[in-house]
Amino acid sequence: MGDFRLSRRFVLTGGSGVFGVAVLNTLTGCSSSSDPAPAAVSPSAGNTGSAGNVVTGDWQRVNLSFVSVYLLVRGSEVAIVDTGTSSSPADIEAGLKAAGSGWDAVKHVIVTHRHQDHAGGLAGVAPAISGTIYTGDGEVEAITASKPLKGLKDGDEVFGLRIVATPGHTPGHISVFEPATGVLVTGDALNNMGQLTGANPQYTTDMVAAAASVKKLATLDVKAILPGHGEPLTTGAKEALQQLAATL
């Protein structure tokens with residue numbers, strides 16, 4: 001194998017700012033170096049949501065360009081929602097470091113559904129953490145991991161986060177809502193690529209159920225929407241979600 005350089009870039013987006021982190025790997029022969037470039041990140045005190053409401057607590061987005069992983073930082077503990085693909089754990093680790101944290105702080109990993117752009121990173125994430133890995137009851141058997149997965153049902157709570165069953169994209173898809181802050185992490189139940197939409201029909205098992213899930217999410221007091229694909233929506237999130245639900 002010849003010498004070559006692989007450069008990848010992700011953007012760590014905080015509750016009130018954007019932090020660019022360049023990660024440069026130098027591969028020589030069959031060896032590689034994956035140490036991320038250092039980045040100083042000040043955790044945000046909050047995020048301004050719709051109608052100027054302040055969302056307390058700290059969330060960070062690890063933007064992998066085609067999909068996102070979210071870090072929910074609460075004191076000295078972190079919950080990770082979704083894990084990207086098999087190549088994503090290094091970027092998640094860099095995101096944790098940039099947010100002033102690390103794998104040892106991760107006590108909860110919540111996987112919204114079985115698709116490999118959301119669950120594929122478990123192969124690298126699971127061995128790195130001592131916390132619990134969760135997914136929806138209907139997804140447990142469909143996801144492979146080196147550690148047991150704990151199934152969750154609608155209304156369960158983890159780390160102050162409420163589990164919302166949002167079937168349709170996959171049968172056991174779940175979303176994650178934090179009532180105290182209004183932060184909603186939606187996996188693929190919602191997308192925001194140019195405009196807020198529901199699940200992508202091309203990859204969705206049951207569009208009728210997916211539409212019902214959007215309407216269900218629209219009943220929540222949402223201040224910020226953190227989708228698996230597309231940009232976080234932090235202004236007018238509740239209104240946009242209600243407008244979407246009204247069209248379905």
# chains A, B, ... in the order shown; residues from 1 in each chain; ligands from 1
call {"tool": "residues_around", "arguments": {"residues": "Gln202 of chain A", "least_positions_apart": "5", "cutoff": "12 Å", "atoms": "only C-alpha atoms", "output": "compact mmCIF listing (two decimals) with all heavy atoms, in the first residue's frame"}}
result
# COMPACT_ATOMS: atom_id res chain seq x y z
N HIS A 169 -40.66 4.63 10.17
CA HIS A 169 -39.40 4.52 9.42
C HIS A 169 -38.86 3.11 9.56
O HIS A 169 -38.45 2.48 8.58
CB HIS A 169 -38.41 5.57 9.94
CG HIS A 169 -37.13 5.59 9.17
ND1 HIS A 169 -37.06 5.99 7.86
CD2 HIS A 169 -35.87 5.25 9.54
CE1 HIS A 169 -35.82 5.90 7.44
NE2 HIS A 169 -35.07 5.45 8.43
N THR A 170 -38.82 2.61 10.78
CA THR A 170 -38.66 1.18 11.07
C THR A 170 -39.73 0.83 12.10
O THR A 170 -40.27 1.71 12.77
CB THR A 170 -37.25 0.85 11.63
OG1 THR A 170 -37.08 1.53 12.89
CG2 THR A 170 -36.16 1.25 10.66
N ASP A 188 -34.63 9.30 12.37
CA ASP A 188 -35.15 9.52 11.03
C ASP A 188 -36.66 9.74 10.99
O ASP A 188 -37.27 9.73 9.92
CB ASP A 188 -34.78 8.34 10.12
CG ASP A 188 -33.34 8.41 9.65
OD1 ASP A 188 -32.65 9.40 9.98
OD2 ASP A 188 -32.90 7.47 8.96
N MET A 207 -45.29 4.27 5.80
CA MET A 207 -45.47 5.72 5.77
C MET A 207 -46.71 6.17 6.53
O MET A 207 -46.74 7.29 7.05
CB MET A 207 -45.53 6.22 4.32
CG MET A 207 -44.17 6.26 3.63
SD MET A 207 -42.96 7.31 4.49
CE MET A 207 -43.74 8.94 4.39
call {"tool": "residues_around", "arguments": {"residues": "Leu220 of chain A", "least_positions_apart": "6", "cutoff": "9 Å", "atoms": "only C-alpha atoms", "output": "PyMOL selection string"}}
result
chain A and resi 177+179+182+184+238
call {"tool": "atom_distance", "arguments": {"atom1": "atom CA of Val214 of chain A", "atom2": "atom CA of Val164 of chain A"}}
result
10.9 Å
call {"tool": "select_by_dssp", "arguments": {"residues": "segment 84-221 of chain A", "states": "alpha helix (DSSP H)", "output": "list of chain:residue names"}}
result
A:Pro89, A:Ala90, A:Asp91, A:Ile92, A:Glu93, A:Ala94, A:Gly95, A:Leu96, A:Lys97, A:Ala98, A:Gln116, A:Asp117, A:His118, A:Ala119, A:Leu122, A:Ala123, A:Gly124, A:Val125, A:Met207, A:Val208, A:Ala209, A:Ala210, A:Ala211, A:Ala212, A:Ser213, A:Val214, A:Lys215, A:Lys216, A:Leu217
call {"tool": "write_last_selection", "arguments": {"atoms": "N, CA, C and O atoms", "output": "mmCIF file, in the first residue's frame"}}
result
data_model
loop_
_atom_site.group_PDB
_atom_site.id
_atom_site.type_symbol
_atom_site.label_atom_id
_atom_site.label_comp_id
_atom_site.auth_asym_id
_atom_site.auth_seq_id
_atom_site.Cartn_x
_atom_site.Cartn_y
_atom_site.Cartn_z
ATOM 1 N N PRO A 89 -16.892 6.127 15.213
ATOM 2 C CA PRO A 89 -16.454 6.270 16.602
ATOM 3 C C PRO A 89 -15.276 7.226 16.811
ATOM 4 O O PRO A 89 -15.235 7.921 17.834
ATOM 5 N N ALA A 90 -14.334 7.289 15.889
ATOM 6 C CA ALA A 90 -13.219 8.218 16.058
ATOM 7 C C ALA A 90 -13.707 9.660 16.062
ATOM 8 O O ALA A 90 -13.213 10.507 16.821
ATOM 9 N N ASP A 91 -14.690 9.960 15.225
ATOM 10 C CA ASP A 91 -15.245 11.309 15.190
ATOM 11 C C ASP A 91 -16.063 11.597 16.452
ATOM 12 O O ASP A 91 -16.059 12.717 16.963
ATOM 13 N N ILE A 92 -16.770 10.586 16.955
ATOM 14 C CA ILE A 92 -17.512 10.768 18.200
ATOM 15 C C ILE A 92 -16.546 11.036 19.345
ATOM 16 O O ILE A 92 -16.769 11.916 20.183
ATOM 17 N N GLU A 93 -15.448 10.296 19.373
ATOM 18 C CA GLU A 93 -14.440 10.516 20.411
ATOM 19 C C GLU A 93 -13.866 11.929 20.335
ATOM 20 O O GLU A 93 -13.694 12.608 21.352
ATOM 21 N N ALA A 94 -13.587 12.384 19.101
ATOM 22 C CA ALA A 94 -13.086 13.747 18.928
ATOM 23 C C ALA A 94 -14.120 14.766 19.389
ATOM 24 O O ALA A 94 -13.774 15.799 19.991
ATOM 25 N N GLY A 95 -15.397 14.491 19.119
ATOM 26 C CA GLY A 95 -16.459 15.376 19.572
ATOM 27 C C GLY A 95 -16.542 15.435 21.085
ATOM 28 O O GLY A 95 -16.733 16.505 21.677
ATOM 29 N N LEU A 96 -16.405 14.286 21.735
ATOM 30 C CA LEU A 96 -16.407 14.255 23.196
ATOM 31 C C LEU A 96 -15.252 15.071 23.760
ATOM 32 O O LEU A 96 -15.422 15.859 24.707
ATOM 33 N N LYS A 97 -14.063 14.901 23.186
ATOM 34 C CA LYS A 97 -12.899 15.644 23.662
ATOM 35 C C LYS A 97 -13.083 17.135 23.450
ATOM 36 O O LYS A 97 -12.741 17.957 24.302
ATOM 37 N N ALA A 98 -13.629 17.507 22.289
ATOM 38 C CA ALA A 98 -13.838 18.914 21.998
ATOM 39 C C ALA A 98 -14.853 19.543 22.945
ATOM 40 O O ALA A 98 -14.810 20.742 23.225
ATOM 41 N N GLN A 116 -27.908 1.162 9.487
ATOM 42 C CA GLN A 116 -26.474 1.178 9.759
ATOM 43 C C GLN A 116 -25.851 2.572 9.825
ATOM 44 O O GLN A 116 -24.735 2.718 10.318
ATOM 45 N N ASP A 117 -26.538 3.588 9.339
ATOM 46 C CA ASP A 117 -25.999 4.938 9.503
ATOM 47 C C ASP A 117 -26.351 5.514 10.876
ATOM 48 O O ASP A 117 -25.938 6.622 11.210
ATOM 49 N N HIS A 118 -27.070 4.752 11.679
ATOM 50 C CA HIS A 118 -27.408 5.167 13.042
ATOM 51 C C HIS A 118 -26.904 4.173 14.084
ATOM 52 O O HIS A 118 -26.504 4.576 15.180
ATOM 53 N N ALA A 119 -26.914 2.895 13.737
ATOM 54 C CA ALA A 119 -26.482 1.856 14.677
ATOM 55 C C ALA A 119 -25.117 1.275 14.336
ATOM 56 O O ALA A 119 -24.537 0.544 15.150
ATOM 57 N N LEU A 122 -21.892 1.232 16.710
ATOM 58 C CA LEU A 122 -21.869 0.492 17.975
ATOM 59 C C LEU A 122 -20.665 -0.437 18.084
ATOM 60 O O LEU A 122 -20.189 -0.710 19.188
ATOM 61 N N ALA A 123 -20.182 -0.923 16.967
ATOM 62 C CA ALA A 123 -19.038 -1.839 17.003
ATOM 63 C C ALA A 123 -17.839 -1.195 17.673
ATOM 64 O O ALA A 123 -17.059 -1.863 18.365
ATOM 65 N N GLY A 124 -17.663 0.115 17.482
ATOM 66 C CA GLY A 124 -16.558 0.818 18.115
ATOM 67 C C GLY A 124 -16.934 1.500 19.406
ATOM 68 O O GLY A 124 -16.104 1.650 20.309
ATOM 69 N N VAL A 125 -18.181 1.915 19.529
ATOM 70 C CA VAL A 125 -18.631 2.643 20.719
ATOM 71 C C VAL A 125 -18.808 1.713 21.914
ATOM 72 O O VAL A 125 -18.386 2.018 23.035
ATOM 73 N N MET A 207 -45.294 4.274 5.801
ATOM 74 C CA MET A 207 -45.468 5.722 5.766
ATOM 75 C C MET A 207 -46.707 6.174 6.533
ATOM 76 O O MET A 207 -46.740 7.293 7.049
ATOM 77 N N VAL A 208 -47.714 5.333 6.638
ATOM 78 C CA VAL A 208 -48.900 5.698 7.422
ATOM 79 C C VAL A 208 -48.523 5.825 8.895
ATOM 80 O O VAL A 208 -48.877 6.802 9.572
ATOM 81 N N ALA A 209 -47.780 4.847 9.397
ATOM 82 C CA ALA A 209 -47.322 4.898 10.783
ATOM 83 C C ALA A 209 -46.347 6.049 10.991
ATOM 84 O O ALA A 209 -46.357 6.708 12.042
ATOM 85 N N ALA A 210 -45.504 6.314 9.997
ATOM 86 C CA ALA A 210 -44.536 7.411 10.105
ATOM 87 C C ALA A 210 -45.250 8.751 10.211
ATOM 88 O O ALA A 210 -44.839 9.633 10.986
ATOM 89 N N ALA A 211 -46.320 8.936 9.442
ATOM 90 C CA ALA A 211 -47.097 10.182 9.514
ATOM 91 C C ALA A 211 -47.756 10.331 10.882
ATOM 92 O O ALA A 211 -47.786 11.428 11.467
ATOM 93 N N ALA A 212 -48.273 9.232 11.410
ATOM 94 C CA ALA A 212 -48.873 9.266 12.741
ATOM 95 C C ALA A 212 -47.842 9.630 13.806
ATOM 96 O O ALA A 212 -48.148 10.347 14.774
ATOM 97 N N SER A 213 -46.607 9.181 13.603
ATOM 98 C CA SER A 213 -45.540 9.509 14.552
ATOM 99 C C SER A 213 -45.206 10.993 14.518
ATOM 100 O O SER A 213 -44.940 11.607 15.560
ATOM 101 N N VAL A 214 -45.221 11.594 13.330
ATOM 102 C CA VAL A 214 -44.986 13.038 13.232
ATOM 103 C C VAL A 214 -46.068 13.796 13.990
ATOM 104 O O VAL A 214 -45.793 14.741 14.739
ATOM 105 N N LYS A 215 -47.311 13.383 13.825
ATOM 106 C CA LYS A 215 -48.414 14.038 14.527
ATOM 107 C C LYS A 215 -48.273 13.880 16.036
ATOM 108 O O LYS A 215 -48.592 14.794 16.807
ATOM 109 N N LYS A 216 -47.785 12.737 16.457
ATOM 110 C CA LYS A 216 -47.550 12.502 17.882
ATOM 111 C C LYS A 216 -46.472 13.440 18.410
ATOM 112 O O LYS A 216 -46.627 14.043 19.483
ATOM 113 N N LEU A 217 -45.382 13.588 17.681
ATOM 114 C CA LEU A 217 -44.301 14.484 18.092
ATOM 115 C C LEU A 217 -44.773 15.932 18.160
ATOM 116 O O LEU A 217 -44.304 16.719 18.987
#
call {"tool": "select_by_dssp", "arguments": {"residues": "segment 39-200 of chain A", "states": "strand (DSSP E)", "output": "ChimeraX atom specification"}}
result
/A:46-48,54-56,58-63,68-74,77-81,106-111,132-136,149-152,157-158,161-165,174-178,183-187,191-192,196-197
call {"tool": "closest_residue", "arguments": {"among": "A:Ile174, A:Val183, A:Val73, A:Ile129", "to": "Ser146 of chain A", "atoms": "only C-alpha atoms"}}
result
A:Ile129
call {"tool": "closest_residue", "arguments": {"among": "A:His115, A:His108, A:His173, A:Lys223", "to": "Val158 of chain A", "atoms": "only C-alpha atoms"}}
result
A:His108
call {"tool": "residues_around", "arguments": {"residues": "Tyr134 of chain A", "least_positions_apart": "2", "cutoff": "12 Å", "atoms": "only C-alpha atoms", "output": "PDB file with C-alpha atoms, in the first residue's frame"}}
result
ATOM      1  CA  ALA A  79     -25.743  10.485  26.754  1.00  0.00           C
ATOM      2  CA  ILE A  80     -25.020   9.731  23.093  1.00  0.00           C
ATOM      3  CA  VAL A  81     -27.990   9.484  20.745  1.00  0.00           C
ATOM      4  CA  ASP A  82     -27.166   7.364  17.672  1.00  0.00           C
ATOM      5  CA  THR A  83     -23.686   6.219  16.674  1.00  0.00           C
ATOM      6  CA  LYS A 107     -23.258   6.452  30.772  1.00  0.00           C
ATOM      7  CA  HIS A 108     -26.026   6.113  28.196  1.00  0.00           C
ATOM      8  CA  VAL A 109     -26.106   5.351  24.466  1.00  0.00           C
ATOM      9  CA  ILE A 110     -29.533   5.474  22.824  1.00  0.00           C
ATOM     10  CA  VAL A 111     -29.931   4.120  19.291  1.00  0.00           C
ATOM     11  CA  THR A 112     -33.069   5.368  17.556  1.00  0.00           C
ATOM     12  CA  HIS A 113     -33.290   2.496  15.066  1.00  0.00           C
ATOM     13  CA  ARG A 114     -31.594  -0.361  13.272  1.00  0.00           C
ATOM     14  CA  ALA A 119     -26.482   1.856  14.677  1.00  0.00           C
ATOM     15  CA  LEU A 122     -21.869   0.492  17.975  1.00  0.00           C
ATOM     16  CA  ALA A 126     -19.757  -0.335  22.816  1.00  0.00           C
ATOM     17  CA  GLY A 131     -22.630   2.681  30.341  1.00  0.00           C
ATOM     18  CA  THR A 132     -25.847   1.095  29.117  1.00  0.00           C
ATOM     19  CA  GLY A 136     -36.607   0.544  21.170  1.00  0.00           C
ATOM     20  CA  ASP A 137     -38.136  -2.770  22.196  1.00  0.00           C
ATOM     21  CA  GLY A 138     -38.857  -3.528  18.558  1.00  0.00           C
ATOM     22  CA  GLU A 139     -35.262  -2.917  17.452  1.00  0.00           C
ATOM     23  CA  VAL A 140     -33.314  -5.009  19.982  1.00  0.00           C
ATOM     24  CA  GLU A 141     -33.236  -8.184  17.908  1.00  0.00           C
ATOM     25  CA  ILE A 143     -29.222  -4.567  16.106  1.00  0.00           C
ATOM     26  CA  ALA A 145     -23.645  -5.170  19.472  1.00  0.00           C
ATOM     27  CA  LYS A 147     -22.894  -5.715  24.761  1.00  0.00           C
ATOM     28  CA  PRO A 148     -26.533  -6.403  25.594  1.00  0.00           C
ATOM     29  CA  LEU A 149     -29.058  -3.802  24.448  1.00  0.00           C
ATOM     30  CA  LYS A 150     -31.828  -2.725  26.812  1.00  0.00           C
ATOM     31  CA  GLY A 151     -35.199  -2.327  25.135  1.00  0.00           C
ATOM     32  CA  LEU A 152     -37.263   0.779  25.808  1.00  0.00           C
ATOM     33  CA  LYS A 153     -40.950   1.426  25.325  1.00  0.00           C
ATOM     34  CA  ASP A 156     -39.760   5.187  29.542  1.00  0.00           C
ATOM     35  CA  GLU A 157     -37.217   7.639  30.967  1.00  0.00           C
ATOM     36  CA  VAL A 158     -33.424   7.539  30.777  1.00  0.00           C
ATOM     37  CA  PHE A 159     -31.189  10.303  32.147  1.00  0.00           C
ATOM     38  CA  ILE A 163     -38.596   7.867  25.119  1.00  0.00           C
ATOM     39  CA  HIS A 173     -38.063   3.452  15.821  1.00  0.00           C
ATOM     40  CA  ILE A 174     -37.860   5.743  18.860  1.00  0.00           C
ATOM     41  CA  SER A 175     -37.244   9.445  19.396  1.00  0.00           C
ATOM     42  CA  VAL A 176     -35.805  11.098  22.495  1.00  0.00           C
TER      43      VAL A 176
END
